[in-house]
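Worksheet: one structure, shown below.
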Amino acid sequence: MTLKFKGKQLTFKDTYALISTSLASFPKMFGLSNIQKEIYPYNHFNKVNINNIGTILEADLYETKQWTEEQFEIFNENIDKIENCRIDEFHFDMKAYCVFYCNQDVRILKQGHSKFRYMCLEYLNINVDKVISAASLANTYFKHNVYSKIDNLKNMEEKLENLFKELFMEED
C-alpha cells in the first residue's frame with residue numbers, strides 16, 4: 001500500500017511475505033552487527049499497571065515462557081539505558097520501554113531489508129521493492145533467467161494449451 005503524507009510517499013509492505021522468518025533471526029541471517037531483537041513483557045500490561053508502571057521482577061510473570069537469567073539481565077540493562085525508563089529500584093515506565101522496543105524492531109527490519117535488497121540486486125539483479133512475496137521474487141528470477149532462455153517456450157505453451165483444451169473441452 002502506498003500513500004502520500006505531508007508531501008512524502010510512504011509504502012507499506014508485508015515483509016514477512018518476502019522474508020518469512022522472525023526479526024530475532026535477522027541479525028545472524030543478514031550479518032547485522034551491534035543490533036539484537038530485544039525482549040518485551042507482552043503479557044505484563046494489565047488492569048493493575050494500566051498507568052504504564054511495570055514491576056521489574058514480575059515482568060515475565062504472565063509470559064508463556066519464563067525468561068532466563070540472561071534475558072532478565074538484558075531487560076534490566078535496557079531499562080537503565082532508556083531515558084526516564086527506570087522509575088525506582090523495582091519499577092519501570094512501560095510506555096518508554098515499549099517505544100524503545102518498537103524502535104528497535106523497526107531498526108532491525110530496516111537493516112535486514114536493506115541487506116536483503118542489496119544482495120538481491122547484486123546477485124540476482126532484482127529489486128525486491130518491486131516484488132511482493134518470495135513467490136513473486138522466484139517468478140521474476142525465472143522469467144528473466146530461465147524462461148527467456150528457452151527459445152521455443154512460447155510454442156510449447158501454445159501446444160500445451162491446445163492439448164488441455166482438447167482433453168477437457170470435449171467433455172462439454
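Residue numbering restarts at 1 for every chain of the C-alpha cells, chains are lettered A, B, ... in their displayed order, and ligands are numbered from 1 as they appear.
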List as a CSV table (one decimal) with C-alpha atoms, in the first residue's frame the protein and nucleic acid residues near Phe92 (chain A), meaning an atom at most 9 Å away when only C-alpha atoms are counted, but skip any in the same chain fewer than 3 places from it.
chain,number,residue,atom,x,y,z
A,52,ASN,CA,2.2,2.4,32.5
A,53,ILE,CA,4.1,1.5,35.6
A,54,GLY,CA,5.5,-2.0,35.4
A,55,THR,CA,7.1,-4.1,38.2
A,56,ILE,CA,10.6,-5.3,37.0
A,79,ILE,CA,15.7,-0.2,31.4
A,84,ASN,CA,13.5,8.0,32.1
A,85,CYS,CA,12.5,4.4,32.0
A,86,ARG,CA,13.6,3.3,35.4
A,87,ILE,CA,11.2,4.8,38.0
A,88,ASP,CA,12.9,3.2,41.0
A,89,GLU,CA,14.7,0.0,42.0
A,95,LYS,CA,5.5,3.2,27.7
A,96,ALA,CA,9.1,4.3,27.5
A,97,TYR,CA,10.2,0.7,27.2
Residues within 10 Å of region 133-143 of chain A, please, as a VMD selection string. Count only C-alpha atoms; anything in the same chain fewer than 6 positions from it doesn't count. chain A and resid 13 to 20 120 124 to 127 149
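Nearest residue to Asn43 (chain A) among A:Met94, A:Val99, A:Leu10, A:Ile150 is A:Met94, counting only C-alpha atoms.
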Excluding region 33-41 of chain A and residues on its chain fewer than 3 positions from it, collect all residues at most 6 Å away from it, counting only C-alpha atoms, and give them as a ChimeraX atom specification. /A:24,44,59-60
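Minimum distance to Glu69 (chain A) across A:Lys130, A:Leu57, A:Ile82, A:Arg117 (counting only C-alpha atoms) occurs at A:Leu57.
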Within 9 Å of Gly31 (chain A), counting only C-alpha atoms, which residues show up once you throw out same-chain ones fewer than 5 positions away? Write them as a PDB file with N, CA and C atoms, in the first residue's frame, please.
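Saved the output as selection.pdb:
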ATOM      1  N   PHE A  26      17.069 -12.092  12.109  1.00  0.00           N
ATOM      2  CA  PHE A  26      17.644 -11.163  11.128  1.00  0.00           C
ATOM      3  C   PHE A  26      19.129 -10.858  11.366  1.00  0.00           C
ATOM      4  N   GLY A 112      17.799  -5.273   7.974  1.00  0.00           N
ATOM      5  CA  GLY A 112      17.673  -6.583   7.335  1.00  0.00           C
ATOM      6  C   GLY A 112      17.130  -6.468   5.924  1.00  0.00           C
ATOM      7  N   LYS A 115      19.784  -5.005   3.598  1.00  0.00           N
ATOM      8  CA  LYS A 115      20.804  -6.005   3.254  1.00  0.00           C
ATOM      9  C   LYS A 115      20.239  -7.007   2.251  1.00  0.00           C
TER      10      LYS A 115
END
What is the distance between CA of Val131 (chain A) and CA of Glu157 (chain A), in Å to one decimal? 24.5 Å
Check region 10-165 of chain A with DSSP on the backbone and list each residue it calls strand (DSSP E), as a PyMOL selection string. chain A and resi 10-11+53-55+91-93
Just write the chosen residues, C-alpha atoms, as a compact mmCIF listing (two decimals), in the first residue's frame.
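Once everything was written out, this is again25.txt:
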# COMPACT_ATOMS: atom_id res chain seq x y z
CA LEU A 10 5.04 6.14 2.11
CA THR A 11 4.98 2.49 1.08
CA ILE A 53 4.14 1.48 35.61
CA GLY A 54 5.54 -2.03 35.45
CA THR A 55 7.12 -4.13 38.17
CA HIS A 91 9.52 -0.25 38.69
CA PHE A 92 9.86 0.86 35.09
CA ASP A 93 7.94 3.07 32.66
